[in-house]
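> Quick one, upload-v1.pdb (PDB, C-alpha atoms):
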ATOM      1  CA  MET J  12       0.000   0.000   0.000
ATOM      2  CA  ILE J  13       2.686   2.409   1.092
ATOM      3  CA  GLU J  14       4.818   1.376  -1.813
ATOM      4  CA  ASN J  15       1.896   1.949  -4.124
ATOM      5  CA  LYS J  16       1.401   5.435  -2.776
ATOM      6  CA  PHE J  17       5.087   6.070  -3.093
ATOM      7  CA  ASN J  18       5.003   4.953  -6.708
ATOM      8  CA  ASN J  19       2.058   7.218  -7.344
ATOM      9  CA  THR J  20       3.862  10.256  -5.994
ATOM     10  CA  ILE J  21       6.891   9.395  -8.084
ATOM     11  CA  LEU J  22       4.633   9.056 -11.104
ATOM     12  CA  ASN J  23       2.981  12.396 -10.333
ATOM     13  CA  SER J  24       6.243  14.231  -9.873
ATOM     14  CA  ASN J  25       7.554  12.582 -13.040
ATOM     15  CA  SER J  26       4.540  13.724 -15.031
ATOM     16  CA  SER J  27       4.783  17.256 -13.614
ATOM     17  CA  THR J  28       8.474  17.515 -14.520
ATOM     18  CA  HIS J  29       7.581  16.051 -17.900
ATOM     19  CA  ASP J  30       4.957  18.797 -18.324
ATOM     20  CA  LYS J  31       7.496  21.382 -17.263
ATOM     21  CA  ILE J  32      10.010  20.126 -19.821
ATOM     22  CA  SER J  33       7.434  19.992 -22.607
ATOM     23  CA  GLU J  34       6.312  23.526 -21.655
ATOM     24  CA  THR J  35       9.827  24.939 -21.927
ATOM     25  CA  LYS J  36      10.315  23.062 -25.196
ATOM     26  CA  LYS J  37       7.104  24.497 -26.629
ATOM     27  CA  LEU J  38       8.018  28.007 -25.499
ATOM     28  CA  PHE J  39      11.446  27.631 -27.078
ATOM     29  CA  GLY J  40       9.843  26.425 -30.321
ATOM     30  CA  LEU J  41       7.593  29.473 -30.321
ATOM     31  CA  TRP J  42      10.652  31.637 -29.675
ATOM     32  CA  ILE J  43      12.392  30.155 -32.741
ATOM     33  CA  TYR J  44       9.260  30.829 -34.820
ATOM     34  CA  LEU J  45       9.161  34.435 -33.605
ATOM     35  CA  MET J  46      12.832  34.901 -34.449
ATOM     36  CA  SER J  47      12.215  33.675 -38.010
ATOM     37  CA  ASP J  48       9.213  36.024 -38.153
ATOM     38  CA  CYS J  49      11.664  38.761 -37.192
ATOM     39  CA  ILE J  50      13.721  37.974 -40.292
ATOM     40  CA  MET J  51      10.612  38.251 -42.470
ATOM     41  CA  PHE J  52       9.806  41.656 -41.007
ATOM     42  CA  ALA J  53      13.444  42.689 -41.431
ATOM     43  CA  VAL J  54      13.225  41.941 -45.165
ATOM     44  CA  LEU J  55      10.042  44.018 -45.427
ATOM     45  CA  PHE J  56      11.704  46.882 -43.521
ATOM     46  CA  ALA J  57      14.733  46.694 -45.827
ATOM     47  CA  VAL J  58      12.485  46.952 -48.900
ATOM     48  CA  TYR J  59      10.622  49.853 -47.287
ATOM     49  CA  ALA J  60      13.865  51.698 -46.529
ATOM     50  CA  ILE J  61      15.116  51.265 -50.101
ATOM     51  CA  VAL J  62      11.832  52.308 -51.736
ATOM     52  CA  SER J  63      11.238  55.289 -49.475
ATOM     53  CA  SER J  64      14.777  56.605 -49.943
ATOM     54  CA  ASN J  65      14.469  56.397 -53.731
ATOM     55  CA  ILE J  66      11.047  57.955 -54.169
ATOM     56  CA  SER J  67      10.775  61.676 -54.815
ATOM     57  CA  ILE J  68       9.730  63.522 -51.683
ATOM     58  CA  ASN J  69       6.631  65.274 -53.038
ATOM     59  CA  LEU J  70       4.892  61.952 -53.649
ATOM     60  CA  ILE J  71       4.678  61.387 -49.905
ATOM     61  CA  SER J  72       2.879  64.311 -48.390
ATOM     62  CA  ASN J  73       3.089  64.614 -44.626
ATOM     63  CA  LYS J  74      -0.670  64.739 -44.394
ATOM     64  CA  ILE J  75      -1.225  61.078 -45.189
ATOM     65  CA  PHE J  76       0.102  60.054 -41.773
ATOM     66  CA  ASN J  77      -2.224  61.122 -39.002
ATOM     67  CA  LEU J  78       0.258  61.077 -36.103
ATOM     68  CA  SER J  79      -2.219  61.533 -33.256
ATOM     69  CA  SER J  80      -4.203  58.458 -34.287
ATOM     70  CA  ILE J  81      -0.935  56.503 -34.569
ATOM     71  CA  LEU J  82      -0.039  57.613 -31.024
ATOM     72  CA  LEU J  83      -3.429  56.372 -29.845
ATOM     73  CA  GLU J  84      -2.906  53.036 -31.621
ATOM     74  CA  THR J  85       0.516  52.704 -29.981
ATOM     75  CA  PHE J  86      -0.937  53.264 -26.536
ATOM     76  CA  LEU J  87      -3.752  50.790 -27.205
ATOM     77  CA  LEU J  88      -1.208  48.136 -28.102
ATOM     78  CA  LEU J  89       0.938  49.015 -25.083
ATOM     79  CA  LEU J  90      -2.054  48.780 -22.727
ATOM     80  CA  SER J  91      -3.072  45.447 -24.210
ATOM     81  CA  SER J  92       0.496  44.244 -23.695
ATOM     82  CA  LEU J  93       0.298  45.321 -20.040
ATOM     83  CA  SER J  94      -3.004  43.514 -19.463
ATOM     84  CA  CYS J  95      -1.539  40.478 -21.245
ATOM     85  CA  GLY J  96       1.216  40.491 -18.612
ATOM     86  CA  PHE J  97      -1.461  40.597 -15.904
ATOM     87  CA  VAL J  98      -3.081  37.537 -17.511
ATOM     88  CA  VAL J  99       0.128  35.588 -16.854
ATOM     89  CA  ILE J 100       0.243  36.835 -13.246
ATOM     90  CA  ALA J 101      -3.405  35.853 -12.740
ATOM     91  CA  MET J 102      -2.649  32.444 -14.261
ATOM     92  CA  ASN J 103       0.171  31.896 -11.773
ATOM     93  CA  GLN J 104      -2.276  32.766  -8.966
ATOM     94  CA  LYS J 105      -4.916  30.475 -10.556
ATOM     95  CA  ARG J 106      -7.631  33.122 -10.479
ATOM     96  CA  ILE J 107      -9.854  32.179 -13.403
ATOM     97  CA  LYS J 108     -12.081  35.258 -13.194
ATOM     98  CA  MET J 109      -9.069  37.556 -13.336
ATOM     99  CA  ILE J 110      -7.738  35.620 -16.345
ATOM    100  CA  TYR J 111     -11.108  36.082 -18.063
ATOM    101  CA  SER J 112     -11.315  39.809 -17.426
ATOM    102  CA  PHE J 113      -7.711  40.568 -18.400
ATOM    103  CA  LEU J 114      -7.957  38.405 -21.540
ATOM    104  CA  THR J 115     -11.125  40.293 -22.488
ATOM    105  CA  ILE J 116      -9.391  43.635 -21.904
ATOM    106  CA  THR J 117      -6.480  42.494 -24.074
ATOM    107  CA  PHE J 118      -8.924  41.379 -26.755
ATOM    108  CA  ILE J 119     -10.846  44.678 -26.724
ATOM    109  CA  PHE J 120      -7.691  46.810 -26.966
ATOM    110  CA  GLY J 121      -6.347  44.619 -29.774
ATOM    111  CA  LEU J 122      -9.666  44.788 -31.621
ATOM    112  CA  ILE J 123      -9.829  48.597 -31.371
ATOM    113  CA  PHE J 124      -6.234  48.745 -32.649
ATOM    114  CA  LEU J 125      -7.097  46.533 -35.626
ATOM    115  CA  LEU J 126     -10.261  48.519 -36.432
ATOM    116  CA  MET J 127      -8.322  51.816 -36.326
ATOM    117  CA  GLU J 128      -5.733  50.350 -38.685
ATOM    118  CA  VAL J 129      -8.410  49.123 -41.103
ATOM    119  CA  HIS J 130     -10.061  52.558 -40.935
ATOM    120  CA  GLU J 131      -6.726  54.217 -41.760
ATOM    121  CA  PHE J 132      -6.252  51.896 -44.764
ATOM    122  CA  TYR J 133      -9.807  52.603 -45.888
ATOM    123  CA  GLU J 134      -9.249  56.367 -45.787
ATOM    124  CA  LEU J 135      -5.980  56.048 -47.714
ATOM    125  CA  ILE J 136      -7.679  53.982 -50.428
ATOM    126  CA  ILE J 137     -10.588  56.464 -50.594
ATOM    127  CA  GLU J 138      -8.094  59.310 -51.101
ATOM    128  CA  ASN J 139      -6.584  57.380 -54.019
ATOM    129  CA  PHE J 140      -3.447  56.342 -52.117
ATOM    130  CA  GLY J 141      -4.149  52.619 -52.502
ATOM    131  CA  PRO J 142      -1.464  49.928 -52.763
ATOM    132  CA  ASP J 143      -1.648  50.104 -56.575
ATOM    133  CA  LYS J 144      -0.730  53.816 -56.625
ATOM    134  CA  ASN J 145       3.075  53.375 -56.552
ATOM    135  CA  ALA J 146       5.837  51.260 -55.081
ATOM    136  CA  PHE J 147       5.929  53.234 -51.836
ATOM    137  CA  PHE J 148       2.305  52.548 -51.038
ATOM    138  CA  SER J 149       2.637  48.894 -52.055
ATOM    139  CA  ILE J 150       5.365  48.261 -49.498
ATOM    140  CA  PHE J 151       3.686  50.512 -46.906
ATOM    141  CA  PHE J 152       0.478  48.483 -47.121
ATOM    142  CA  THR J 153       2.374  45.177 -47.159
ATOM    143  CA  LEU J 154       4.463  46.030 -44.090
ATOM    144  CA  VAL J 155       1.687  47.467 -41.927
ATOM    145  CA  ALA J 156      -0.858  44.858 -43.035
ATOM    146  CA  THR J 157       1.540  41.998 -42.218
ATOM    147  CA  HIS J 158       1.666  43.297 -38.657
ATOM    148  CA  GLY J 159      -2.131  43.679 -38.716
ATOM    149  CA  VAL J 160      -2.578  40.071 -39.840
ATOM    150  CA  HIS J 161      -0.409  38.928 -36.925
ATOM    151  CA  ILE J 162      -2.614  40.938 -34.550
ATOM    152  CA  PHE J 163      -5.680  39.329 -36.147
ATOM    153  CA  PHE J 164      -4.346  35.824 -35.492
ATOM    154  CA  GLY J 165      -3.494  36.850 -31.931
ATOM    155  CA  LEU J 166      -7.120  37.887 -31.441
ATOM    156  CA  ILE J 167      -8.299  34.515 -32.744
ATOM    157  CA  LEU J 168      -5.889  32.876 -30.288
ATOM    158  CA  ILE J 169      -7.440  34.873 -27.401
ATOM    159  CA  LEU J 170     -10.927  33.721 -28.398
ATOM    160  CA  SER J 171      -9.831  30.091 -28.577
ATOM    161  CA  ILE J 172      -8.115  30.326 -25.178
ATOM    162  CA  LEU J 173     -11.256  31.850 -23.628
ATOM    163  CA  TYR J 174     -13.368  29.056 -25.118
ATOM    164  CA  GLN J 175     -10.962  26.348 -23.951
ATOM    165  CA  ILE J 176     -10.808  27.690 -20.385
ATOM    166  CA  LYS J 177     -14.595  27.694 -20.298
ATOM    167  CA  LYS J 178     -14.751  24.157 -21.694
ATOM    168  CA  LEU J 179     -11.823  22.440 -19.952
ATOM    169  CA  GLY J 180     -10.759  24.631 -17.051
ATOM    170  CA  LEU J 181      -7.184  25.670 -16.371
ATOM    171  CA  THR J 182      -5.260  22.563 -17.462
ATOM    172  CA  ASN J 183      -1.528  22.370 -18.031
ATOM    173  CA  SER J 184      -1.747  22.577 -21.818
ATOM    174  CA  ILE J 185      -3.892  25.706 -21.559
ATOM    175  CA  ARG J 186      -1.348  27.257 -19.207
ATOM    176  CA  THR J 187       1.285  26.616 -21.882
ATOM    177  CA  ARG J 188      -1.006  28.187 -24.473
ATOM    178  CA  ILE J 189      -1.478  31.314 -22.354
ATOM    179  CA  LEU J 190       2.302  31.619 -21.886
ATOM    180  CA  CYS J 191       2.833  31.211 -25.645
ATOM    181  CA  PHE J 192       0.156  33.808 -26.357
ATOM    182  CA  SER J 193       1.743  36.335 -23.986
ATOM    183  CA  VAL J 194       5.171  35.920 -25.604
ATOM    184  CA  PHE J 195       3.576  36.292 -29.058
ATOM    185  CA  TRP J 196       1.672  39.428 -28.033
ATOM    186  CA  HIS J 197       4.709  41.151 -26.450
ATOM    187  CA  PHE J 198       6.668  40.303 -29.589
ATOM    188  CA  LEU J 199       4.003  41.987 -31.775
ATOM    189  CA  ASP J 200       4.360  45.083 -29.618
ATOM    190  CA  ILE J 201       8.109  45.094 -30.299
ATOM    191  CA  ILE J 202       7.450  44.876 -34.053
ATOM    192  CA  TRP J 203       4.998  47.768 -33.763
ATOM    193  CA  ILE J 204       7.736  49.915 -32.134
ATOM    194  CA  CYS J 205       9.827  49.404 -35.285
ATOM    195  CA  VAL J 206       6.811  50.125 -37.521
ATOM    196  CA  PHE J 207       5.874  53.426 -35.932
ATOM    197  CA  THR J 208       9.483  54.585 -35.656
ATOM    198  CA  PHE J 209      10.659  53.732 -39.158
ATOM    199  CA  VAL J 210       7.422  54.181 -41.107
ATOM    200  CA  TYR J 211       5.260  56.828 -39.471
ATOM    201  CA  LEU J 212       7.699  59.054 -37.605
ATOM    202  CA  ASN J 213      10.247  59.002 -40.407
ATOM    203  CA  GLY J 214       7.510  59.722 -42.919
ATOM    204  CA  ALA J 215       6.340  62.661 -40.838
ATOM    205  CA  ILE J 216       9.597  64.577 -40.452
TER     206      ILE J 216
ATOM    207  CA  MET I  29       5.597  30.826   2.104
ATOM    208  CA  SER I  30       2.520  32.839   1.233
ATOM    209  CA  SER I  31       4.261  36.121   2.041
ATOM    210  CA  PHE I  32       7.131  35.039  -0.158
ATOM    211  CA  LEU I  33       4.665  34.272  -2.927
ATOM    212  CA  ASN I  34       3.005  37.656  -2.495
ATOM    213  CA  PHE I  35       6.349  39.330  -2.628
ATOM    214  CA  ASN I  36       7.106  37.476  -5.849
ATOM    215  CA  MET I  37       3.784  38.529  -7.384
ATOM    216  CA  ASN I  38       4.320  42.137  -6.397
ATOM    217  CA  LYS I  39       7.729  42.004  -7.994
ATOM    218  CA  GLU I  40       6.226  40.735 -11.248
ATOM    219  CA  ILE I  41       3.487  43.359 -11.242
ATOM    220  CA  LYS I  42       6.104  46.003 -10.518
ATOM    221  CA  SER I  43       8.185  44.786 -13.451
ATOM    222  CA  TYR I  44       5.222  45.076 -15.840
ATOM    223  CA  LEU I  45       4.224  48.507 -14.515
ATOM    224  CA  LEU I  46       7.807  49.801 -14.741
ATOM    225  CA  GLY I  47       8.058  48.510 -18.292
ATOM    226  CA  PHE I  48       4.781  50.181 -19.181
ATOM    227  CA  LEU I  49       5.883  53.485 -17.627
ATOM    228  CA  PHE I  50       9.234  53.528 -19.412
ATOM    229  CA  SER I  51       7.799  52.527 -22.765
ATOM    230  CA  SER I  52       4.978  55.090 -22.604
ATOM    231  CA  LEU I  53       7.558  57.790 -21.868
ATOM    232  CA  LEU I  54       9.756  56.587 -24.722
ATOM    233  CA  THR I  55       6.712  56.513 -27.038
ATOM    234  CA  THR I  56       5.410  59.961 -26.181
ATOM    235  CA  LEU I  57       8.782  61.695 -26.534
ATOM    236  CA  PRO I  58       9.399  60.918 -30.240
ATOM    237  CA  PHE I  59       5.769  61.651 -31.151
ATOM    238  CA  LEU I  60       5.983  65.035 -29.416
ATOM    239  CA  LEU I  61       9.224  65.787 -31.245
ATOM    240  CA  ALA I  62       7.703  64.739 -34.579
ATOM    241  CA  ILE I  63       4.561  66.837 -34.123
ATOM    242  CA  GLU I  64       6.213  69.948 -32.664
ATOM    243  CA  LYS I  65       9.373  69.737 -34.826
ATOM    244  CA  PHE I  66      11.791  71.132 -32.208
ATOM    245  CA  PHE I  67      14.978  70.051 -33.971
ATOM    246  CA  CYS I  68      16.165  69.581 -37.522
ATOM    247  CA  SER I  69      15.334  66.240 -39.106
ATOM    248  CA  GLU I  70      18.784  64.645 -38.580
ATOM    249  CA  VAL I  71      18.738  65.236 -34.818
ATOM    250  CA  ASN I  72      15.127  64.037 -34.698
ATOM    251  CA  TYR I  73      16.091  60.903 -36.582
ATOM    252  CA  ILE I  74      18.864  60.043 -34.121
ATOM    253  CA  ILE I  75      16.553  60.637 -31.146
ATOM    254  CA  PHE I  76      13.861  58.409 -32.710
ATOM    255  CA  LEU I  77      16.405  55.662 -33.263
ATOM    256  CA  LEU I  78      17.713  55.836 -29.681
ATOM    257  CA  CYS I  79      14.175  55.833 -28.251
ATOM    258  CA  ALA I  80      13.177  52.831 -30.380
ATOM    259  CA  ILE I  81      16.247  50.806 -29.424
ATOM    260  CA  SER I  82      15.910  51.546 -25.707
ATOM    261  CA  GLN I  83      12.189  50.758 -25.826
ATOM    262  CA  ILE I  84      12.863  47.420 -27.528
ATOM    263  CA  ILE I  85      15.432  46.570 -24.844
ATOM    264  CA  ILE I  86      12.936  47.573 -22.133
ATOM    265  CA  HIS I  87      10.311  45.316 -23.701
ATOM    266  CA  PHE I  88      12.740  42.399 -23.742
ATOM    267  CA  VAL I  89      13.775  42.916 -20.127
ATOM    268  CA  TYR I  90      10.495  43.883 -18.411
ATOM    269  CA  PHE I  91       7.846  42.138 -20.530
ATOM    270  CA  LEU I  92       9.596  39.080 -21.969
ATOM    271  CA  HIS I  93      11.852  38.666 -18.885
ATOM    272  CA  LEU I  94      14.959  37.792 -20.870
ATOM    273  CA  SER I  95      17.917  37.191 -18.609
ATOM    274  CA  PHE I  96      21.294  35.524 -18.518
ATOM    275  CA  ASP I  97      19.934  32.470 -16.692
ATOM    276  CA  PRO I  98      21.479  29.222 -17.853
ATOM    277  CA  GLU I  99      17.909  27.940 -18.496
ATOM    278  CA  GLU I 100      17.181  30.714 -20.948
ATOM    279  CA  ARG I 101      20.586  30.887 -22.546
ATOM    280  CA  TRP I 102      19.394  29.439 -25.854
ATOM    281  CA  ASN I 103      16.713  32.114 -26.159
ATOM    282  CA  LEU I 104      19.413  34.746 -25.887
ATOM    283  CA  ILE I 105      21.714  32.955 -28.343
ATOM    284  CA  THR I 106      18.972  32.692 -30.983
ATOM    285  CA  LEU I 107      18.106  36.342 -30.409
ATOM    286  CA  LEU I 108      21.714  37.411 -30.968
ATOM    287  CA  PHE I 109      21.917  35.240 -34.093
ATOM    288  CA  VAL I 110      18.733  36.823 -35.479
ATOM    289  CA  ILE I 111      20.030  40.316 -34.716
ATOM    290  CA  ILE I 112      23.158  39.530 -36.733
ATOM    291  CA  ILE I 113      21.064  38.216 -39.650
ATOM    292  CA  ILE I 114      18.760  41.260 -39.543
ATOM    293  CA  PHE I 115      21.796  43.528 -39.568
ATOM    294  CA  ILE I 116      23.221  41.737 -42.613
ATOM    295  CA  VAL I 117      19.889  41.726 -44.489
ATOM    296  CA  VAL I 118      18.899  45.334 -43.805
ATOM    297  CA  PHE I 119      22.238  47.096 -44.098
ATOM    298  CA  GLY I 120      23.429  44.787 -46.867
ATOM    299  CA  SER I 121      20.444  45.532 -49.068
ATOM    300  CA  ILE I 122      20.550  49.269 -48.347
ATOM    301  CA  TRP I 123      24.270  49.306 -49.180
ATOM    302  CA  ILE I 124      23.817  47.334 -52.406
ATOM    303  CA  MET I 125      20.941  49.512 -53.605
ATOM    304  CA  PHE I 126      22.914  52.672 -52.739
ATOM    305  CA  ASN I 127      25.831  51.458 -54.867
ATOM    306  CA  LEU I 128      23.483  50.513 -57.703
ATOM    307  CA  ASN I 129      22.078  54.032 -57.748
ATOM    308  CA  HIS I 130      25.562  55.428 -58.209
ATOM    309  CA  ASN I 131      27.162  52.951 -60.540
ATOM    310  CA  THR I 132      24.527  52.004 -63.112
ATOM    311  CA  MET I 133      23.996  55.515 -64.424
TER     312      MET I 133
END
Just give me the structure of the file as structure tokens.

Amino acid sequence: MIENKFNNTILNSNSSTHDKISETKKLFGLWIYLMSDCIMFAVLFAVYAIVSSNISINLISNKIFNLSSILLETFLLLLSSLSCGFVVIAMNQKRIKMIYSFLTITFIFGLIFLLMEVHEFYELIIENFGPDKNAFFSIFFTLVATHGVHIFFGLILILSILYQIKKLGLTNSIRTRILCFSVFWHFLDIIWICVFTFVYLNGAI
Amino acid sequence: MSSFLNFNMNKEIKSYLLGFLFSSLLTTLPFLLAIEKFFCSEVNYIIFLLCAISQIIIHFVYFLHLSFDPEERWNLITLLFVIIIIFIVVFGSIWIMFNLNHNTM
């Protein structure tokens, strides 16, 4: 009996260390993916830098970039990043309600960010600055929209995590998913820093 | 044990709040400079670059919790490798295109 119990505890501790190892492996795999994503964005930034340095300056009027709305978008993304960090803290404390509310806050901020970006694209296309206008606008739309698509998939990830917590509770695999999501979301914020510095601020001065 | 745990939690919350504070400062400063146009564009450009780099480092330290722990060493090594590749790709292509502009005419 005692031996049996002993075996059980060994089994439990084994499975928990196994979970821990698989969690770090998954996080490392995600990290590698994000690093290769970085290279993709770097190529897009390189193309942007080349095109924007070779285009004549009067094609890009300063008025196409509305800086105050970009500042608002930046703060939305920053706030969602902060609440995403609080999701991880709430997960470590195993407070499911707090996880729900912070995930919802993250989702709402991300959604407002995405809608503002779509609105900006819509206005540019209405004013005849669409991606087919010239090379500058092609790469501008490609670069910013690639970031937007990443945000979109992050939002889908939030919805799936919310659904899974509701369905299954806070299991180990969901904890790993939340950790992966938080790393992904912070990484998107880092990409956005590069976007607003090299695209919007440089276009504005 | 519970007080230790609380202390740990507070430390984490503090790290996120500090990161948020620093990055909001570093975001507002370049936008202010770009809207008000205090300096000439070269000085502005250098300030933007410095703000962006320091904000990226702050994100890595306070939000992604990168450190020199032996457990996370591989994360750091891959990051350094990617930074080298990005440097080669970006500056290499800018350099090549710059030379093309001058030498094909």
> Give the answer as one residue: which of J:Leu125, J:Ser79, J:Gly96, J:His161 has the shortest atom-to-atom distance to His93 of chain I, using all atoms listed in the file?
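Under the stated criterion, the closest residue is J:Gly96.
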> Here is a test: counting only C-alpha atoms, which residue of I:Phe88, I:Ile124, I:Glu99, I:Val110 is nearest to Ile32 of chain J?
I:Glu99
> Considering only C-alpha atoms, state which residue in the set J:Phe86, J:Phe124, J:Phe76, J:Phe39 is at the smallest distance from Tyr211 of chain J.
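Checking each candidate against Tyr211 of chain J, we get J:Phe76 as the closest.
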> Each residue of chain J lying at most 6 Å from chain I should get a row with its shortest atom-to-atom pair and the distance in Å to one decimal, counting only C-alpha atoms; could you produce that, ordered by chain and increasing number, as a Markdown table?

| residue | atom | partner | partner_atom | distance |
| --- | --- | --- | --- | --- |
| J:Ala53 | CA | I:Ile114 | CA | 5.8 |
| J:Ala57 | CA | I:Val118 | CA | 4.8 |
| J:Ile201 | CA | I:Ile84 | CA | 6.0 |
> Once the PyMOL selection byres ((chain J and resi 123) around 12) has been applied to the shown file, what residues remain in the selection, as a list in words?
Ser80, Leu83, Glu84, Thr85, Phe86, Leu87, Leu88, Leu90, Ser91, Ile116, Thr117, Phe118, Ile119, Phe120, Gly121, Leu122, Phe124, Leu125, Leu126, Met127, Glu128, Val129, His130, Gly159, Ile162, Phe163 and Leu166 of chain J
> Choose the residue, out of J:Arg186, J:His29, J:His197, J:Lys144, that has the smallest atom-to-atom separation from Ser92 of chain J; count all atoms listed in the file.
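Nearest candidate to Ser92 of chain J out of J:Arg186, J:His29, J:His197, J:Lys144: J:His197.
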> Specify the axis-aligned box that encloses all atoms of segment 86-89 of chain I listed in the file after padding of 5 Å on each side, stating its centre and edge lengths in Å to one decimal as JSON.

{"center_x": 12.0, "center_y": 45.0, "center_z": -21.9, "size_x": 13.5, "size_y": 15.2, "size_z": 13.6}
> Could segment 81-104 of chain J be completed with N, CA and C atoms and returned as a PDB file, in the frame of the given file?

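Dumped everything to out05.pdb:
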ATOM      1  N   ILE J  81      -1.968  57.529 -34.726  1.00  0.00           N
ATOM      2  CA  ILE J  81      -0.935  56.503 -34.569  1.00  0.00           C
ATOM      3  C   ILE J  81      -0.496  56.423 -33.107  1.00  0.00           C
ATOM      4  N   LEU J  82      -0.405  57.611 -32.455  1.00  0.00           N
ATOM      5  CA  LEU J  82      -0.039  57.613 -31.024  1.00  0.00           C
ATOM      6  C   LEU J  82      -1.081  56.853 -30.211  1.00  0.00           C
ATOM      7  N   LEU J  83      -2.356  57.086 -30.551  1.00  0.00           N
ATOM      8  CA  LEU J  83      -3.429  56.372 -29.845  1.00  0.00           C
ATOM      9  C   LEU J  83      -3.313  54.867 -30.063  1.00  0.00           C
ATOM     10  N   GLU J  84      -3.054  54.459 -31.319  1.00  0.00           N
ATOM     11  CA  GLU J  84      -2.906  53.036 -31.621  1.00  0.00           C
ATOM     12  C   GLU J  84      -1.762  52.439 -30.810  1.00  0.00           C
ATOM     13  N   THR J  85      -0.637  53.199 -30.733  1.00  0.00           N
ATOM     14  CA  THR J  85       0.516  52.704 -29.981  1.00  0.00           C
ATOM     15  C   THR J  85       0.158  52.461 -28.525  1.00  0.00           C
ATOM     16  N   PHE J  86      -0.586  53.431 -27.943  1.00  0.00           N
ATOM     17  CA  PHE J  86      -0.937  53.264 -26.536  1.00  0.00           C
ATOM     18  C   PHE J  86      -1.924  52.128 -26.335  1.00  0.00           C
ATOM     19  N   LEU J  87      -2.829  51.927 -27.305  1.00  0.00           N
ATOM     20  CA  LEU J  87      -3.752  50.790 -27.205  1.00  0.00           C
ATOM     21  C   LEU J  87      -2.975  49.485 -27.153  1.00  0.00           C
ATOM     22  N   LEU J  88      -1.974  49.378 -28.046  1.00  0.00           N
ATOM     23  CA  LEU J  88      -1.208  48.136 -28.102  1.00  0.00           C
ATOM     24  C   LEU J  88      -0.382  47.949 -26.828  1.00  0.00           C
ATOM     25  N   LEU J  89       0.139  49.080 -26.304  1.00  0.00           N
ATOM     26  CA  LEU J  89       0.938  49.015 -25.083  1.00  0.00           C
ATOM     27  C   LEU J  89       0.081  48.579 -23.905  1.00  0.00           C
ATOM     28  N   LEU J  90      -1.155  49.151 -23.821  1.00  0.00           N
ATOM     29  CA  LEU J  90      -2.054  48.780 -22.727  1.00  0.00           C
ATOM     30  C   LEU J  90      -2.459  47.317 -22.832  1.00  0.00           C
ATOM     31  N   SER J  91      -2.685  46.853 -24.064  1.00  0.00           N
ATOM     32  CA  SER J  91      -3.072  45.447 -24.210  1.00  0.00           C
ATOM     33  C   SER J  91      -1.910  44.544 -23.828  1.00  0.00           C
ATOM     34  N   SER J  92      -0.681  45.009 -24.101  1.00  0.00           N
ATOM     35  CA  SER J  92       0.496  44.244 -23.695  1.00  0.00           C
ATOM     36  C   SER J  92       0.574  44.155 -22.171  1.00  0.00           C
ATOM     37  N   LEU J  93       0.271  45.289 -21.514  1.00  0.00           N
ATOM     38  CA  LEU J  93       0.298  45.321 -20.040  1.00  0.00           C
ATOM     39  C   LEU J  93      -0.736  44.352 -19.467  1.00  0.00           C
ATOM     40  N   SER J  94      -1.957  44.390 -20.006  1.00  0.00           N
ATOM     41  CA  SER J  94      -3.004  43.514 -19.463  1.00  0.00           C
ATOM     42  C   SER J  94      -2.692  42.061 -19.793  1.00  0.00           C
ATOM     43  N   CYS J  95      -1.967  41.836 -20.910  1.00  0.00           N
ATOM     44  CA  CYS J  95      -1.539  40.478 -21.245  1.00  0.00           C
ATOM     45  C   CYS J  95      -0.554  39.970 -20.186  1.00  0.00           C
ATOM     46  N   GLY J  96       0.320  40.871 -19.700  1.00  0.00           N
ATOM     47  CA  GLY J  96       1.216  40.491 -18.612  1.00  0.00           C
ATOM     48  C   GLY J  96       0.447  40.138 -17.359  1.00  0.00           C
ATOM     49  N   PHE J  97      -0.648  40.889 -17.087  1.00  0.00           N
ATOM     50  CA  PHE J  97      -1.461  40.597 -15.904  1.00  0.00           C
ATOM     51  C   PHE J  97      -2.181  39.267 -16.039  1.00  0.00           C
ATOM     52  N   VAL J  98      -2.475  38.862 -17.308  1.00  0.00           N
ATOM     53  CA  VAL J  98      -3.081  37.537 -17.511  1.00  0.00           C
ATOM     54  C   VAL J  98      -2.143  36.452 -16.984  1.00  0.00           C
ATOM     55  N   VAL J  99      -0.834  36.602 -17.306  1.00  0.00           N
ATOM     56  CA  VAL J  99       0.128  35.588 -16.854  1.00  0.00           C
ATOM     57  C   VAL J  99       0.213  35.567 -15.333  1.00  0.00           C
ATOM     58  N   ILE J 100       0.192  36.775 -14.716  1.00  0.00           N
ATOM     59  CA  ILE J 100       0.243  36.835 -13.246  1.00  0.00           C
ATOM     60  C   ILE J 100      -0.990  36.167 -12.650  1.00  0.00           C
ATOM     61  N   ALA J 101      -2.161  36.461 -13.233  1.00  0.00           N
ATOM     62  CA  ALA J 101      -3.405  35.853 -12.740  1.00  0.00           C
ATOM     63  C   ALA J 101      -3.372  34.341 -12.923  1.00  0.00           C
ATOM     64  N   MET J 102      -2.739  33.883 -14.022  1.00  0.00           N
ATOM     65  CA  MET J 102      -2.649  32.444 -14.261  1.00  0.00           C
ATOM     66  C   MET J 102      -1.772  31.784 -13.198  1.00  0.00           C
ATOM     67  N   ASN J 103      -0.679  32.465 -12.818  1.00  0.00           N
ATOM     68  CA  ASN J 103       0.171  31.896 -11.773  1.00  0.00           C
ATOM     69  C   ASN J 103      -0.549  31.847 -10.439  1.00  0.00           C
ATOM     70  N   GLN J 104      -1.505  32.784 -10.221  1.00  0.00           N
ATOM     71  CA  GLN J 104      -2.276  32.766  -8.966  1.00  0.00           C
ATOM     72  C   GLN J 104      -3.515  31.896  -9.080  1.00  0.00           C
TER      73      GLN J 104
END
